[in-house]
file target.cif (mmCIF, C-alpha atoms)
data_entry
#
loop_
_atom_site.group_PDB
_atom_site.id
_atom_site.type_symbol
_atom_site.label_atom_id
_atom_site.label_comp_id
_atom_site.auth_asym_id
_atom_site.auth_seq_id
_atom_site.Cartn_x
_atom_site.Cartn_y
_atom_site.Cartn_z
ATOM 1 C CA MET A 27 2.273 0.235 6.690
ATOM 2 C CA ALA A 28 1.443 2.322 3.644
ATOM 3 C CA THR A 29 -0.771 0.882 0.960
ATOM 4 C CA GLU A 30 -1.581 2.254 -2.460
ATOM 5 C CA ILE A 31 -4.984 3.890 -2.751
ATOM 6 C CA THR A 32 -6.587 5.080 -5.972
ATOM 7 C CA LEU A 33 -8.859 8.117 -6.016
ATOM 8 C CA THR A 34 -11.015 9.586 -8.742
ATOM 9 C CA THR A 35 -10.304 13.065 -10.050
ATOM 10 C CA SER A 36 -13.276 14.472 -8.141
ATOM 11 C CA GLU A 37 -12.101 12.900 -4.849
ATOM 12 C CA THR A 38 -8.586 14.203 -5.476
ATOM 13 C CA ALA A 39 -9.895 17.661 -6.349
ATOM 14 C CA ALA A 40 -11.865 17.780 -3.109
ATOM 15 C CA ALA A 41 -8.794 16.683 -1.131
ATOM 16 C CA PHE A 42 -6.692 19.478 -2.655
ATOM 17 C CA GLY A 43 -9.443 22.072 -2.786
ATOM 18 C CA VAL A 44 -9.020 22.603 -6.536
ATOM 19 C CA SER A 45 -11.170 21.955 -9.587
ATOM 20 C CA VAL A 46 -11.438 18.581 -11.307
ATOM 21 C CA ARG A 47 -9.904 20.153 -14.412
ATOM 22 C CA THR A 48 -6.808 21.152 -12.410
ATOM 23 C CA VAL A 49 -6.386 17.552 -11.200
ATOM 24 C CA GLN A 50 -6.767 16.315 -14.785
ATOM 25 C CA ARG A 51 -4.085 18.775 -15.904
ATOM 26 C CA TRP A 52 -1.752 17.667 -13.070
ATOM 27 C CA ALA A 53 -2.320 14.028 -14.058
ATOM 28 C CA LYS A 54 -1.623 14.748 -17.715
ATOM 29 C CA ASN A 55 1.625 16.644 -17.074
ATOM 30 C CA GLY A 56 2.889 14.113 -14.507
ATOM 31 C CA THR A 57 2.563 16.239 -11.382
ATOM 32 C CA LEU A 58 0.425 13.448 -9.882
ATOM 33 C CA THR A 59 0.899 9.716 -10.262
ATOM 34 C CA ALA A 60 -2.088 8.774 -12.393
ATOM 35 C CA VAL A 61 -3.164 6.475 -15.188
ATOM 36 C CA LYS A 62 -6.022 6.837 -17.610
ATOM 37 C CA MET A 63 -8.435 3.907 -17.433
ATOM 38 C CA ALA A 64 -11.569 3.737 -19.586
ATOM 39 C CA GLY A 65 -11.217 7.421 -20.417
ATOM 40 C CA ARG A 66 -10.943 8.536 -16.780
ATOM 41 C CA TRP A 67 -7.941 9.385 -14.639
ATOM 42 C CA ALA A 68 -7.187 7.208 -11.622
ATOM 43 C CA VAL A 69 -4.837 8.991 -9.217
ATOM 44 C CA SER A 70 -2.646 6.823 -6.963
ATOM 45 C CA PHE A 71 -1.304 7.688 -3.521
ATOM 46 C CA LEU A 72 0.448 5.864 -0.716
ATOM 47 C CA ALA A 73 -1.548 6.099 2.496
ATOM 48 C CA ASP A 74 -1.406 4.474 5.913
ATOM 49 C CA LEU A 75 -4.962 3.174 6.140
ATOM 50 C CA ALA A 76 -4.401 -0.098 8.005
ATOM 51 C CA ASP A 77 -6.356 1.138 11.043
ATOM 52 C CA PHE A 78 -9.525 1.814 9.077
ATOM 53 C CA PRO A 79 -12.125 -0.768 8.014
ATOM 54 C CA SER A 80 -13.137 -0.825 4.353
ATOM 55 C CA ALA A 81 -16.598 0.597 5.178
ATOM 56 C CA ALA A 82 -14.928 3.646 6.748
ATOM 57 C CA LEU A 83 -12.800 4.140 3.637
ATOM 58 C CA GLY A 84 -15.882 4.070 1.413
ATOM 59 C CA LYS A 85 -17.625 6.673 3.567
ATOM 60 C CA ALA A 86 -14.416 8.748 3.630
ATOM 61 C CA ARG A 87 -14.352 8.784 -0.175
ATOM 62 C CA ASP A 88 -17.983 9.929 -0.216
ATOM 63 C CA LEU A 89 -17.213 12.625 2.356
ATOM 64 C CA LEU A 90 -14.366 13.921 0.188
ATOM 65 C CA GLU A 91 -16.339 13.828 -3.036
ATOM 66 C CA LEU A 92 -19.295 15.674 -1.519
ATOM 67 C CA GLY A 93 -17.062 18.347 0.007
ATOM 68 C CA GLY A 94 -18.094 17.413 3.542
ATOM 69 C CA ILE A 95 -14.663 18.030 5.047
ATOM 70 C CA LEU A 96 -12.953 21.407 5.150
ATOM 71 C CA ALA A 97 -9.604 22.613 6.438
ATOM 72 C CA THR A 98 -9.663 24.961 9.413
ATOM 73 C CA SER A 99 -7.238 27.778 10.187
ATOM 74 C CA ARG A 100 -5.291 25.382 12.417
ATOM 75 C CA PRO A 101 -2.783 23.155 10.593
ATOM 76 C CA GLY A 102 -3.898 19.529 10.375
ATOM 77 C CA MET A 103 -7.387 20.265 11.721
ATOM 78 C CA TYR A 104 -10.549 19.834 9.680
ATOM 79 C CA THR A 105 -14.274 20.301 10.114
ATOM 80 C CA ALA A 106 -16.340 17.337 8.922
ATOM 81 C CA VAL A 107 -20.080 17.017 8.437
ATOM 82 C CA SER A 108 -21.867 14.039 9.974
ATOM 83 C CA SER A 109 -23.433 11.432 7.708
ATOM 84 C CA SER A 110 -26.896 12.753 8.596
ATOM 85 C CA GLY A 111 -25.758 16.302 7.847
ATOM 86 C CA ASP A 112 -27.106 17.738 11.075
ATOM 87 C CA CYS A 113 -23.850 18.386 12.949
ATOM 88 C CA THR A 114 -20.139 18.930 12.406
ATOM 89 C CA TYR A 115 -17.053 17.480 14.057
ATOM 90 C CA LEU A 116 -13.530 18.696 14.582
ATOM 91 C CA VAL A 117 -11.112 16.157 13.090
ATOM 92 C CA HIS A 118 -7.365 15.531 13.220
ATOM 93 C CA ILE A 119 -5.574 12.436 11.926
ATOM 94 C CA THR A 120 -5.203 11.207 15.520
ATOM 95 C CA ASN A 121 -8.592 12.185 16.951
ATOM 96 C CA CYS A 122 -12.172 13.118 16.096
ATOM 97 C CA THR A 123 -14.995 14.602 18.146
ATOM 98 C CA CYS A 124 -17.620 12.280 16.610
ATOM 99 C CA PRO A 125 -19.125 9.555 18.838
ATOM 100 C CA ALA A 126 -16.785 6.871 17.451
ATOM 101 C CA GLY A 127 -13.774 9.150 17.759
ATOM 102 C CA ARG A 128 -14.567 9.963 21.382
ATOM 103 C CA LYS A 129 -14.408 6.210 22.054
ATOM 104 C CA GLN A 130 -10.990 6.057 20.309
ATOM 105 C CA ARG A 131 -12.401 4.012 17.413
ATOM 106 C CA PRO A 132 -11.242 4.605 13.818
ATOM 107 C CA CYS A 133 -13.943 6.719 12.155
ATOM 108 C CA TYR A 134 -14.443 7.665 8.532
ATOM 109 C CA HIS A 135 -13.718 11.318 9.332
ATOM 110 C CA ARG A 136 -10.164 10.385 10.337
ATOM 111 C CA ALA A 137 -9.905 8.159 7.256
ATOM 112 C CA ALA A 138 -10.806 11.179 5.088
ATOM 113 C CA VAL A 139 -8.069 13.217 6.794
ATOM 114 C CA ALA A 140 -5.623 10.354 6.131
ATOM 115 C CA LEU A 141 -6.563 10.436 2.440
ATOM 116 C CA ILE A 142 -6.107 14.218 2.331
ATOM 117 C CA GLY A 143 -2.705 13.854 4.004
ATOM 118 C CA ALA A 144 -1.642 11.191 1.524
ATOM 119 C CA ALA A 145 -2.740 13.341 -1.391
ATOM 120 C CA SER A 146 -0.938 16.396 0.005
ATOM 121 C CA THR A 147 2.270 14.435 0.536
ATOM 122 C CA ALA A 148 2.149 13.079 -3.011
ATOM 123 C CA ARG A 149 1.552 16.554 -4.446
ATOM 124 C CA ALA A 150 4.478 18.029 -2.494
ATOM 125 C CA ALA A 151 6.889 15.306 -3.653
#
call {"tool": "encode", "arguments": {"input": "target.cif", "output": "structure tokens"}}
result
Amino acid sequence: MATEITLTTSETAAAFGVSVRTVQRWAKNGTLTAVKMAGRWAVSFLADLADFPSAALGKARDLLELGGILATSRPGMYTAVSSSGDCTYLVHITNCTCPAGRKQRPCYHRAAVALIGAASTARAA
């Protein structure tokens, strides 16, 4: 079930791989669904995040904002940095090579990929 998620411009910029200014311009001209609250844009997306605990979503937002997840040359595959920063994992929406992912648990790396997918779908629409 899809739920509405709100991202900051910096989180959205990291998900799209563009500058914050580009996201602000897209929000202003209506390319993205966004509202201005307290002088800042809040960008809304529909995402299927029911499998992920709220702690994983918070860490996924941090991972996006810090640029700790990058697309690979393979469609749908990403490289994510661990929370300690000492290793990287290969991530897909359905699987991750991190310790939690190897045990088939929902990890924040997969949650970040879900957020990127939701943002990409909204941009394409």
call {"tool": "resolve_selection", "arguments": {"input": "target.cif", "expression": "the PyMOL selection byres ((chain A and resi 105) around 9)", "output": "ChimeraX atom specification"}}
result
/A:94-98,103-104,106-107,114-118
call {"tool": "resolve_selection", "arguments": {"input": "target.cif", "expression": "the PyMOL selection byres ((chain A and resi 142) around 9)", "output": "VMD selection string"}}
result
chain A and resid 38 40 to 42 90 137 to 141 143 to 147
call {"tool": "resolve_selection", "arguments": {"input": "target.cif", "expression": "the PyMOL selection byres ((chain A and resi 39) around 10)", "output": "PDB file with C-alpha atoms, in the coordinates of the input"}}
result
ATOM      1  CA  LEU A  33      -8.859   8.117  -6.016  1.00  0.00           C
ATOM      2  CA  THR A  34     -11.015   9.586  -8.742  1.00  0.00           C
ATOM      3  CA  THR A  35     -10.304  13.065 -10.050  1.00  0.00           C
ATOM      4  CA  SER A  36     -13.276  14.472  -8.141  1.00  0.00           C
ATOM      5  CA  GLU A  37     -12.101  12.900  -4.849  1.00  0.00           C
ATOM      6  CA  THR A  38      -8.586  14.203  -5.476  1.00  0.00           C
ATOM      7  CA  ALA A  40     -11.865  17.780  -3.109  1.00  0.00           C
ATOM      8  CA  ALA A  41      -8.794  16.683  -1.131  1.00  0.00           C
ATOM      9  CA  PHE A  42      -6.692  19.478  -2.655  1.00  0.00           C
ATOM     10  CA  GLY A  43      -9.443  22.072  -2.786  1.00  0.00           C
ATOM     11  CA  VAL A  44      -9.020  22.603  -6.536  1.00  0.00           C
ATOM     12  CA  SER A  45     -11.170  21.955  -9.587  1.00  0.00           C
ATOM     13  CA  VAL A  46     -11.438  18.581 -11.307  1.00  0.00           C
ATOM     14  CA  ARG A  47      -9.904  20.153 -14.412  1.00  0.00           C
ATOM     15  CA  THR A  48      -6.808  21.152 -12.410  1.00  0.00           C
ATOM     16  CA  VAL A  49      -6.386  17.552 -11.200  1.00  0.00           C
ATOM     17  CA  GLN A  50      -6.767  16.315 -14.785  1.00  0.00           C
ATOM     18  CA  LEU A  90     -14.366  13.921   0.188  1.00  0.00           C
ATOM     19  CA  GLU A  91     -16.339  13.828  -3.036  1.00  0.00           C
ATOM     20  CA  GLY A  93     -17.062  18.347   0.007  1.00  0.00           C
ATOM     21  CA  ALA A 145      -2.740  13.341  -1.391  1.00  0.00           C
TER      22      ALA A 145
END
call {"tool": "residues_around", "arguments": {"input": "target.cif", "residues": "A:Leu75", "least_positions_apart": "3", "cutoff": "12 Å", "atoms": "all atoms listed in the file", "output": "list in words"}}
result
Met27, Ala28, Thr29, Glu30, Ile31, Phe71, Leu72, Phe78, Pro79, Ser80, Ala81, Ala82, Leu83, Gly84, Ala86, Ile119, Pro132, Cys133, Tyr134, Arg136, Ala137, Ala138, Val139, Ala140, Leu141, Ile142, Gly143 and Ala144 of chain A
call {"tool": "atom_distance", "arguments": {"input": "target.cif", "atom1": "atom CA of A:Ser70", "atom2": "atom CA of A:Ala126"}}
result
28.2 Å
call {"tool": "build_atoms", "arguments": {"input": "target.cif", "residues": "stretch 57-89 of chain A", "atoms": "N, CA and C atoms", "output": "mmCIF file, in the coordinates of the input"}}
result
data_model
loop_
_atom_site.group_PDB
_atom_site.id
_atom_site.type_symbol
_atom_site.label_atom_id
_atom_site.label_comp_id
_atom_site.auth_asym_id
_atom_site.auth_seq_id
_atom_site.Cartn_x
_atom_site.Cartn_y
_atom_site.Cartn_z
ATOM 1 N N THR A 57 2.426 15.706 -12.731
ATOM 2 C CA THR A 57 2.563 16.239 -11.382
ATOM 3 C C THR A 57 2.022 15.245 -10.356
ATOM 4 N N LEU A 58 0.990 14.504 -10.723
ATOM 5 C CA LEU A 58 0.425 13.448 -9.882
ATOM 6 C C LEU A 58 0.670 12.094 -10.544
ATOM 7 N N THR A 59 0.784 11.067 -9.736
ATOM 8 C CA THR A 59 0.899 9.716 -10.262
ATOM 9 C C THR A 59 -0.498 9.250 -10.636
ATOM 10 N N ALA A 60 -0.748 9.130 -11.928
ATOM 11 C CA ALA A 60 -2.088 8.774 -12.393
ATOM 12 C C ALA A 60 -2.009 8.007 -13.701
ATOM 13 N N VAL A 61 -3.028 7.194 -13.918
ATOM 14 C CA VAL A 61 -3.164 6.475 -15.188
ATOM 15 C C VAL A 61 -4.573 6.708 -15.709
ATOM 16 N N LYS A 62 -4.713 6.661 -17.005
ATOM 17 C CA LYS A 62 -6.022 6.837 -17.610
ATOM 18 C C LYS A 62 -6.605 5.463 -17.880
ATOM 19 N N MET A 63 -7.768 5.195 -17.274
ATOM 20 C CA MET A 63 -8.435 3.907 -17.433
ATOM 21 C C MET A 63 -9.862 4.163 -17.895
ATOM 22 N N ALA A 64 -10.224 3.586 -19.015
ATOM 23 C CA ALA A 64 -11.569 3.737 -19.586
ATOM 24 C C ALA A 64 -11.939 5.203 -19.755
ATOM 25 N N GLY A 65 -10.967 6.016 -20.166
ATOM 26 C CA GLY A 65 -11.217 7.421 -20.417
ATOM 27 C C GLY A 65 -11.233 8.314 -19.191
ATOM 28 N N ARG A 66 -10.941 7.760 -18.016
ATOM 29 C CA ARG A 66 -10.943 8.536 -16.780
ATOM 30 C C ARG A 66 -9.602 8.379 -16.072
ATOM 31 N N TRP A 67 -9.192 9.435 -15.388
ATOM 32 C CA TRP A 67 -7.941 9.385 -14.639
ATOM 33 C C TRP A 67 -8.157 8.695 -13.302
ATOM 34 N N ALA A 68 -7.223 7.839 -12.940
ATOM 35 C CA ALA A 68 -7.187 7.208 -11.622
ATOM 36 C C ALA A 68 -5.881 7.669 -10.975
ATOM 37 N N VAL A 69 -5.990 8.394 -9.878
ATOM 38 C CA VAL A 69 -4.837 8.991 -9.217
ATOM 39 C C VAL A 69 -4.432 8.102 -8.051
ATOM 40 N N SER A 70 -3.146 7.739 -7.989
ATOM 41 C CA SER A 70 -2.646 6.823 -6.963
ATOM 42 C C SER A 70 -1.835 7.553 -5.908
ATOM 43 N N PHE A 71 -2.044 7.146 -4.665
ATOM 44 C CA PHE A 71 -1.304 7.688 -3.521
ATOM 45 C C PHE A 71 -0.937 6.561 -2.579
ATOM 46 N N LEU A 72 0.116 6.776 -1.803
ATOM 47 C CA LEU A 72 0.448 5.864 -0.716
ATOM 48 C C LEU A 72 -0.138 6.436 0.560
ATOM 49 N N ALA A 73 -0.915 5.634 1.270
ATOM 50 C CA ALA A 73 -1.548 6.099 2.496
ATOM 51 C C ALA A 73 -1.507 5.004 3.548
ATOM 52 N N ASP A 74 -1.389 5.415 4.799
ATOM 53 C CA ASP A 74 -1.406 4.474 5.913
ATOM 54 C C ASP A 74 -2.847 4.344 6.388
ATOM 55 N N LEU A 75 -3.545 3.355 5.857
ATOM 56 C CA LEU A 75 -4.962 3.174 6.140
ATOM 57 C C LEU A 75 -5.255 1.839 6.807
ATOM 58 N N ALA A 76 -4.239 1.220 7.402
ATOM 59 C CA ALA A 76 -4.401 -0.098 8.005
ATOM 60 C C ALA A 76 -5.366 -0.078 9.187
ATOM 61 N N ASP A 77 -5.492 1.049 9.866
ATOM 62 C CA ASP A 77 -6.356 1.138 11.043
ATOM 63 C C ASP A 77 -7.831 1.262 10.706
ATOM 64 N N PHE A 78 -8.150 1.518 9.447
ATOM 65 C CA PHE A 78 -9.525 1.814 9.077
ATOM 66 C C PHE A 78 -10.184 0.651 8.346
ATOM 67 N N PRO A 79 -11.401 0.279 8.748
ATOM 68 C CA PRO A 79 -12.125 -0.768 8.014
ATOM 69 C C PRO A 79 -12.538 -0.283 6.635
ATOM 70 N N SER A 80 -12.802 -1.195 5.733
ATOM 71 C CA SER A 80 -13.137 -0.825 4.353
ATOM 72 C C SER A 80 -14.412 0.011 4.282
ATOM 73 N N ALA A 81 -15.372 -0.211 5.170
ATOM 74 C CA ALA A 81 -16.598 0.597 5.178
ATOM 75 C C ALA A 81 -16.271 2.058 5.492
ATOM 76 N N ALA A 82 -15.333 2.279 6.398
ATOM 77 C CA ALA A 82 -14.928 3.646 6.748
ATOM 78 C C ALA A 82 -14.249 4.321 5.564
ATOM 79 N N LEU A 83 -13.469 3.571 4.805
ATOM 80 C CA LEU A 83 -12.800 4.140 3.637
ATOM 81 C C LEU A 83 -13.806 4.536 2.562
ATOM 82 N N GLY A 84 -14.839 3.730 2.380
ATOM 83 C CA GLY A 84 -15.882 4.070 1.413
ATOM 84 C C GLY A 84 -16.615 5.340 1.808
ATOM 85 N N LYS A 85 -16.948 5.462 3.092
ATOM 86 C CA LYS A 85 -17.625 6.673 3.567
ATOM 87 C C LYS A 85 -16.687 7.879 3.500
ATOM 88 N N ALA A 86 -15.391 7.654 3.718
ATOM 89 C CA ALA A 86 -14.416 8.748 3.630
ATOM 90 C C ALA A 86 -14.336 9.270 2.203
ATOM 91 N N ARG A 87 -14.356 8.374 1.230
ATOM 92 C CA ARG A 87 -14.352 8.784 -0.175
ATOM 93 C C ARG A 87 -15.595 9.620 -0.497
ATOM 94 N N ASP A 88 -16.748 9.177 -0.004
ATOM 95 C CA ASP A 88 -17.983 9.929 -0.216
ATOM 96 C C ASP A 88 -17.897 11.308 0.434
ATOM 97 N N LEU A 89 -17.355 11.359 1.646
ATOM 98 C CA LEU A 89 -17.213 12.625 2.356
ATOM 99 C C LEU A 89 -16.341 13.594 1.561
#
